[in-house]
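Asks: Before anything else, here's the structure in question.
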Amino acid sequence: MYLLATDPKNECRDVIHSRDTDLKIKVFCLDKERFSADPNEIQLFGYADGKLYAFETIDIKAEDALDVVGAIQWYAEYLEFPEMEILPEDPRPGQNIAM
């Protein structure tokens with residue numbers, strides 16, 4: 001079971017919360033805001049209705065890592081786009097270049 005915290009002033013500032021664990025995931029709308037990945041967190045990406053989203057955990061704990069995909073799938077259903085493909089890397093050109 002998941003809950004969603006939304007920012008009424010910014011539709012791109014959702015945070016998914018698990019009711020049963022400490023899992024929290026920030027949602028970023030990549031067509032409207034900048035995103036810099038935190039190397040200590042898990043990031044996944046997905047397209048829904050032509051928009052690219054980034055999902056980044058907040059203070060991830062090892063025991064919560066397995067719930068990340070389920071939480072994103074729940075969010076995709078919330079967006080009424082359950083067929084969202086969840087991607088392990090940022091699909092934007094030039095975003096996955098090793099330095």
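So you can find residues: chains in the structure tokens are A, B, ... in the order shown, residues in each start at 1, and ligands are numbered from 1 in order.
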Using only C-alpha atoms, which protein or nucleic acid residues come within 7 Å of region 82-88 of chain A? Drop anything in the same chain fewer than 2 positions from it, and give the result as a list in words.
Replies: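 Selected residues are Leu44, Phe45, Gly46, Tyr47, Ala48, Gln73, Ala76, Glu77 and Glu80 of chain A.
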Asks: Residues near Ala62 (chain A), anyone? I mean within 12 Å using only C-alpha atoms, not counting same-chain ones fewer than 4 positions away, as a ChimeraX atom specification.
Replies: /A:21-23,40-42,57,66-68
Asks: Would you mind exporting C-alpha atoms of the selected residues as a CSV table (one decimal), in the first residue's frame?
Replies:
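Result went into again_17.csv, see below:
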chain,number,residue,atom,x,y,z
A,21,THR,CA,8.0,0.3,5.2
A,22,ASP,CA,10.3,3.4,5.3
A,23,LEU,CA,10.4,3.6,1.5
A,40,ASN,CA,23.7,7.1,-2.8
A,41,GLU,CA,20.2,6.5,-4.0
A,42,ILE,CA,18.3,4.4,-6.5
A,57,THR,CA,14.6,7.1,-3.4
A,66,LEU,CA,12.9,-4.5,-3.5
A,67,ASP,CA,9.7,-2.4,-3.2
A,68,VAL,CA,10.9,0.4,-5.4
Asks: Can you tell me which residues surround region 16-20 of chain A at a distance of at most 12 Å, considering only C-alpha atoms, apart from same-chain residues fewer than 2 positions away, and format the answer as a VMD selection string?
Replies: chain A and resid 1 to 7 13 to 14 22 to 28 55 to 58 60 63 to 65 67 to 76 78
Asks: Looking only at the backbone, which of the residues in chain A does DSSP tag as strand (DSSP E or B), as an NGL selection string?
Replies: :A and (2-7 or 10-18 or 24-29 or 43-48 or 51-57 or 86-87)
Asks: Rounded to one decimal place, report the CA of Phe81 (chain A)-CA of Gln95 (chain A) distance in Å.
Replies: 24.7 Å
